[in-house]
file entry_15.pdb (PDB, C-alpha atoms)
ATOM      1  CA  MET A   1       0.000   0.000   0.000  1.00  0.00           C
ATOM      2  CA  GLY A   2       1.570   3.272  -1.131  1.00  0.00           C
ATOM      3  CA  LEU A   3       1.397   6.669   0.446  1.00  0.00           C
ATOM      4  CA  LYS A   4      -0.834   9.341  -1.003  1.00  0.00           C
ATOM      5  CA  ILE A   5       1.367  11.780  -2.837  1.00  0.00           C
ATOM      6  CA  GLY A   6       0.391  15.342  -3.690  1.00  0.00           C
ATOM      7  CA  VAL A   7       0.872  16.946  -7.079  1.00  0.00           C
ATOM      8  CA  ASP A   8       3.989  18.836  -5.936  1.00  0.00           C
ATOM      9  CA  ASN A   9       5.592  15.651  -4.640  1.00  0.00           C
ATOM     10  CA  THR A  10       4.704  13.781  -7.827  1.00  0.00           C
ATOM     11  CA  VAL A  11       6.449  16.445  -9.906  1.00  0.00           C
ATOM     12  CA  LYS A  12       9.508  16.252  -7.622  1.00  0.00           C
ATOM     13  CA  ILE A  13       9.550  12.448  -7.824  1.00  0.00           C
ATOM     14  CA  ASN A  14       9.260  12.491 -11.616  1.00  0.00           C
ATOM     15  CA  GLU A  15      12.035  15.071 -11.955  1.00  0.00           C
ATOM     16  CA  THR A  16      14.308  13.289  -9.479  1.00  0.00           C
ATOM     17  CA  ALA A  17      13.763   9.949 -11.215  1.00  0.00           C
ATOM     18  CA  ARG A  18      14.464  11.504 -14.616  1.00  0.00           C
ATOM     19  CA  ILE A  19      17.706  13.079 -13.369  1.00  0.00           C
ATOM     20  CA  LEU A  20      18.783   9.778 -11.808  1.00  0.00           C
ATOM     21  CA  VAL A  21      18.159   7.908 -15.076  1.00  0.00           C
ATOM     22  CA  GLU A  22      20.064  10.595 -16.995  1.00  0.00           C
ATOM     23  CA  PHE A  23      22.974  10.270 -14.548  1.00  0.00           C
ATOM     24  CA  LEU A  24      22.958   6.473 -14.885  1.00  0.00           C
ATOM     25  CA  GLU A  25      23.126   6.817 -18.668  1.00  0.00           C
ATOM     26  CA  VAL A  26      26.197   9.046 -18.364  1.00  0.00           C
ATOM     27  CA  ALA A  27      27.739   6.689 -15.786  1.00  0.00           C
ATOM     28  CA  ILE A  28      27.219   3.564 -17.908  1.00  0.00           C
ATOM     29  CA  THR A  29      28.620   5.313 -20.983  1.00  0.00           C
ATOM     30  CA  SER A  30      31.644   6.388 -18.928  1.00  0.00           C
ATOM     31  CA  ILE A  31      32.215   2.826 -17.738  1.00  0.00           C
ATOM     32  CA  VAL A  32      32.024   1.505 -21.305  1.00  0.00           C
ATOM     33  CA  PHE A  33      34.529   4.174 -22.369  1.00  0.00           C
ATOM     34  CA  LEU A  34      36.936   3.681 -19.438  1.00  0.00           C
ATOM     35  CA  LYS A  35      36.922  -0.114 -19.732  1.00  0.00           C
ATOM     36  CA  GLY A  36      37.861   0.189 -23.407  1.00  0.00           C
ATOM     37  CA  ILE A  37      34.937  -1.944 -24.570  1.00  0.00           C
ATOM     38  CA  TYR A  38      34.728   0.217 -27.716  1.00  0.00           C
ATOM     39  CA  PRO A  39      37.548   2.207 -29.346  1.00  0.00           C
ATOM     40  CA  THR A  40      38.048   5.740 -28.039  1.00  0.00           C
ATOM     41  CA  GLY A  41      36.994   7.080 -31.443  1.00  0.00           C
ATOM     42  CA  ALA A  42      33.481   5.811 -30.744  1.00  0.00           C
ATOM     43  CA  PHE A  43      33.068   8.530 -28.101  1.00  0.00           C
ATOM     44  CA  GLU A  44      33.123  12.296 -28.023  1.00  0.00           C
ATOM     45  CA  ARG A  45      33.679  14.661 -25.131  1.00  0.00           C
ATOM     46  CA  ARG A  46      30.633  16.564 -23.917  1.00  0.00           C
ATOM     47  CA  LYS A  47      29.699  18.644 -20.894  1.00  0.00           C
ATOM     48  CA  TYR A  48      27.161  17.267 -18.458  1.00  0.00           C
ATOM     49  CA  MET A  49      26.331  19.252 -15.325  1.00  0.00           C
ATOM     50  CA  ASN A  50      29.499  21.282 -15.812  1.00  0.00           C
ATOM     51  CA  LEU A  51      31.703  18.169 -16.079  1.00  0.00           C
ATOM     52  CA  VAL A  52      33.424  16.796 -19.149  1.00  0.00           C
ATOM     53  CA  VAL A  53      32.129  13.291 -19.892  1.00  0.00           C
ATOM     54  CA  HIS A  54      32.201  10.948 -22.863  1.00  0.00           C
ATOM     55  CA  LYS A  55      29.153  10.354 -25.020  1.00  0.00           C
ATOM     56  CA  ALA A  56      28.822   7.561 -27.561  1.00  0.00           C
ATOM     57  CA  ARG A  57      29.103   8.853 -31.122  1.00  0.00           C
ATOM     58  CA  HIS A  58      27.703   5.757 -32.791  1.00  0.00           C
ATOM     59  CA  PRO A  59      23.899   6.050 -32.914  1.00  0.00           C
ATOM     60  CA  GLU A  60      23.257   2.348 -32.262  1.00  0.00           C
ATOM     61  CA  LEU A  61      25.466   2.279 -29.168  1.00  0.00           C
ATOM     62  CA  ARG A  62      24.014   5.553 -27.902  1.00  0.00           C
ATOM     63  CA  ASP A  63      20.439   4.347 -28.505  1.00  0.00           C
ATOM     64  CA  TYR A  64      21.135   0.964 -26.889  1.00  0.00           C
ATOM     65  CA  ILE A  65      22.463   2.512 -23.686  1.00  0.00           C
ATOM     66  CA  HIS A  66      19.653   5.085 -23.655  1.00  0.00           C
ATOM     67  CA  SER A  67      16.885   2.527 -24.182  1.00  0.00           C
ATOM     68  CA  ALA A  68      18.295   0.101 -21.595  1.00  0.00           C
ATOM     69  CA  ILE A  69      18.623   2.769 -18.905  1.00  0.00           C
ATOM     70  CA  SER A  70      15.339   4.516 -19.774  1.00  0.00           C
ATOM     71  CA  ARG A  71      13.477   1.295 -19.035  1.00  0.00           C
ATOM     72  CA  LEU A  72      14.473   1.745 -15.386  1.00  0.00           C
ATOM     73  CA  LEU A  73      12.436   4.953 -15.044  1.00  0.00           C
ATOM     74  CA  PRO A  74       9.103   3.345 -14.029  1.00  0.00           C
ATOM     75  CA  PHE A  75      10.849   1.170 -11.430  1.00  0.00           C
ATOM     76  CA  ILE A  76      12.737   4.106  -9.967  1.00  0.00           C
ATOM     77  CA  LYS A  77       9.517   6.130  -9.717  1.00  0.00           C
ATOM     78  CA  LYS A  78       7.821   3.190  -8.011  1.00  0.00           C
ATOM     79  CA  VAL A  79      10.626   2.932  -5.429  1.00  0.00           C
ATOM     80  CA  PHE A  80      10.414   6.665  -4.724  1.00  0.00           C
ATOM     81  CA  CYS A  81       6.638   6.434  -4.266  1.00  0.00           C
ATOM     82  CA  ASN A  82       6.355   3.159  -2.354  1.00  0.00           C
ATOM     83  CA  GLY A  83       9.768   2.704  -0.807  1.00  0.00           C
ATOM     84  CA  SER A  84      10.224  -0.750  -2.368  1.00  0.00           C
ATOM     85  CA  PRO A  85      10.355  -2.232  -5.896  1.00  0.00           C
TER
END
call {"tool": "encode", "arguments": {"input": "entry_15.pdb", "output": "structure tokens"}}
result
Amino acid sequence: MGLKIGVDNTVKINETARILVEFLEVAITSIVFLKGIYPTGAFERRKYMNLVVHKARHPELRDYIHSAISRLLPFIKKVFCNGSP
């Protein structure tokens, strides 16, 4: 049984979950880059939250990481709302 959440809290939960998923996407891409799973030419340097990070240049790799991490969004929202998965 979940708690009743007001509109303001729902907006905060949605925004927090979205930022967390975005961070995870950057983190996973960084791990793939640092582990040398793909050649360094497959990545480009970008700024994220005032930090220089690596972003996949190849559309299929970028889309794969994005789609895999984006699928976590509903589960993260559920944890924030209910406190458990």
call {"tool": "resolve_selection", "arguments": {"input": "entry_15.pdb", "expression": "the PyMOL selection byres ((chain A and resi 77) around 9)", "output": "ChimeraX atom specification"}}
result
/A:13-14,16-18,72-76,78-82
call {"tool": "atom_distance", "arguments": {"input": "entry_15.pdb", "atom1": "CA of His54 (chain A)", "atom2": "CA of Gly41 (chain A)"}}
result
10.6 Å
call {"tool": "atom_distance", "arguments": {"input": "entry_15.pdb", "atom1": "CA of Ala27 (chain A)", "atom2": "CA of Ala68 (chain A)"}}
result
12.9 Å
call {"tool": "resolve_selection", "arguments": {"input": "entry_15.pdb", "expression": "the PyMOL selection byres ((chain A and resi 58) around 10)", "output": "list of chain:residue names"}}
result
A:Gly41, A:Ala42, A:Phe43, A:Glu44, A:Lys55, A:Ala56, A:Arg57, A:Pro59, A:Glu60, A:Leu61, A:Arg62, A:Asp63
call {"tool": "closest_residue", "arguments": {"input": "entry_15.pdb", "among": "A:Ser67, A:Lys12, A:Ile19, A:Val53", "to": "Val32 (chain A)", "atoms": "all atoms listed in the file"}}
result
A:Val53
call {"tool": "atom_distance", "arguments": {"input": "entry_15.pdb", "atom1": "CA of Asn50 (chain A)", "atom2": "CA of Asn9 (chain A)"}}
result
27.0 Å
call {"tool": "closest_residue", "arguments": {"input": "entry_15.pdb", "among": "A:Leu24, A:Tyr38, A:Arg45, A:Val11", "to": "His66 (chain A)", "atoms": "all atoms listed in the file"}}
result
A:Leu24
call {"tool": "axis_aligned_box", "arguments": {"input": "entry_15.pdb", "around": "region 21-28 of chain A", "padding_each_side": "8 Å", "output": "lines of an AutoDock Vina configuration file"}}
result
center_x = 22.9
center_y = 7.1
center_z = -16.6
size_x = 25.6
size_y = 23.0
size_z = 20.1
call {"tool": "residues_around", "arguments": {"input": "entry_15.pdb", "residues": "Ile65 (chain A)", "least_positions_apart": "4", "cutoff": "8 Å", "atoms": "all atoms listed in the file", "output": "number ranges by chain"}}
result
A: 25, 28-29, 61, 69
call {"tool": "closest_residue", "arguments": {"input": "entry_15.pdb", "among": "A:Tyr64, A:Val26, A:Thr40, A:Ser70", "to": "Val52 (chain A)", "atoms": "all atoms listed in the file"}}
result
A:Val26
call {"tool": "decode", "arguments": {"input": "entry_15.pdb", "residues": "chain A", "atoms": "C-alpha atoms", "output": "short mmCIF file (atom, residue, chain, number, x, y, z; two decimals), in the first residue's frame"}}
result
data_model
loop_
_atom_site.label_atom_id
_atom_site.label_comp_id
_atom_site.auth_asym_id
_atom_site.auth_seq_id
_atom_site.Cartn_x
_atom_site.Cartn_y
_atom_site.Cartn_z
CA MET A 1 0.00 0.00 0.00
CA GLY A 2 1.57 3.27 -1.13
CA LEU A 3 1.40 6.67 0.45
CA LYS A 4 -0.83 9.34 -1.00
CA ILE A 5 1.37 11.78 -2.84
CA GLY A 6 0.39 15.34 -3.69
CA VAL A 7 0.87 16.95 -7.08
CA ASP A 8 3.99 18.84 -5.94
CA ASN A 9 5.59 15.65 -4.64
CA THR A 10 4.70 13.78 -7.83
CA VAL A 11 6.45 16.45 -9.91
CA LYS A 12 9.51 16.25 -7.62
CA ILE A 13 9.55 12.45 -7.82
CA ASN A 14 9.26 12.49 -11.62
CA GLU A 15 12.03 15.07 -11.96
CA THR A 16 14.31 13.29 -9.48
CA ALA A 17 13.76 9.95 -11.22
CA ARG A 18 14.46 11.50 -14.62
CA ILE A 19 17.71 13.08 -13.37
CA LEU A 20 18.78 9.78 -11.81
CA VAL A 21 18.16 7.91 -15.08
CA GLU A 22 20.06 10.60 -16.99
CA PHE A 23 22.97 10.27 -14.55
CA LEU A 24 22.96 6.47 -14.88
CA GLU A 25 23.13 6.82 -18.67
CA VAL A 26 26.20 9.05 -18.36
CA ALA A 27 27.74 6.69 -15.79
CA ILE A 28 27.22 3.56 -17.91
CA THR A 29 28.62 5.31 -20.98
CA SER A 30 31.64 6.39 -18.93
CA ILE A 31 32.21 2.83 -17.74
CA VAL A 32 32.02 1.50 -21.30
CA PHE A 33 34.53 4.17 -22.37
CA LEU A 34 36.94 3.68 -19.44
CA LYS A 35 36.92 -0.11 -19.73
CA GLY A 36 37.86 0.19 -23.41
CA ILE A 37 34.94 -1.94 -24.57
CA TYR A 38 34.73 0.22 -27.72
CA PRO A 39 37.55 2.21 -29.35
CA THR A 40 38.05 5.74 -28.04
CA GLY A 41 36.99 7.08 -31.44
CA ALA A 42 33.48 5.81 -30.74
CA PHE A 43 33.07 8.53 -28.10
CA GLU A 44 33.12 12.30 -28.02
CA ARG A 45 33.68 14.66 -25.13
CA ARG A 46 30.63 16.56 -23.92
CA LYS A 47 29.70 18.64 -20.89
CA TYR A 48 27.16 17.27 -18.46
CA MET A 49 26.33 19.25 -15.32
CA ASN A 50 29.50 21.28 -15.81
CA LEU A 51 31.70 18.17 -16.08
CA VAL A 52 33.42 16.80 -19.15
CA VAL A 53 32.13 13.29 -19.89
CA HIS A 54 32.20 10.95 -22.86
CA LYS A 55 29.15 10.35 -25.02
CA ALA A 56 28.82 7.56 -27.56
CA ARG A 57 29.10 8.85 -31.12
CA HIS A 58 27.70 5.76 -32.79
CA PRO A 59 23.90 6.05 -32.91
CA GLU A 60 23.26 2.35 -32.26
CA LEU A 61 25.47 2.28 -29.17
CA ARG A 62 24.01 5.55 -27.90
CA ASP A 63 20.44 4.35 -28.51
CA TYR A 64 21.13 0.96 -26.89
CA ILE A 65 22.46 2.51 -23.69
CA HIS A 66 19.65 5.08 -23.65
CA SER A 67 16.88 2.53 -24.18
CA ALA A 68 18.29 0.10 -21.59
CA ILE A 69 18.62 2.77 -18.91
CA SER A 70 15.34 4.52 -19.77
CA ARG A 71 13.48 1.30 -19.03
CA LEU A 72 14.47 1.75 -15.39
CA LEU A 73 12.44 4.95 -15.04
CA PRO A 74 9.10 3.34 -14.03
CA PHE A 75 10.85 1.17 -11.43
CA ILE A 76 12.74 4.11 -9.97
CA LYS A 77 9.52 6.13 -9.72
CA LYS A 78 7.82 3.19 -8.01
CA VAL A 79 10.63 2.93 -5.43
CA PHE A 80 10.41 6.66 -4.72
CA CYS A 81 6.64 6.43 -4.27
CA ASN A 82 6.35 3.16 -2.35
CA GLY A 83 9.77 2.70 -0.81
CA SER A 84 10.22 -0.75 -2.37
CA PRO A 85 10.36 -2.23 -5.90
#
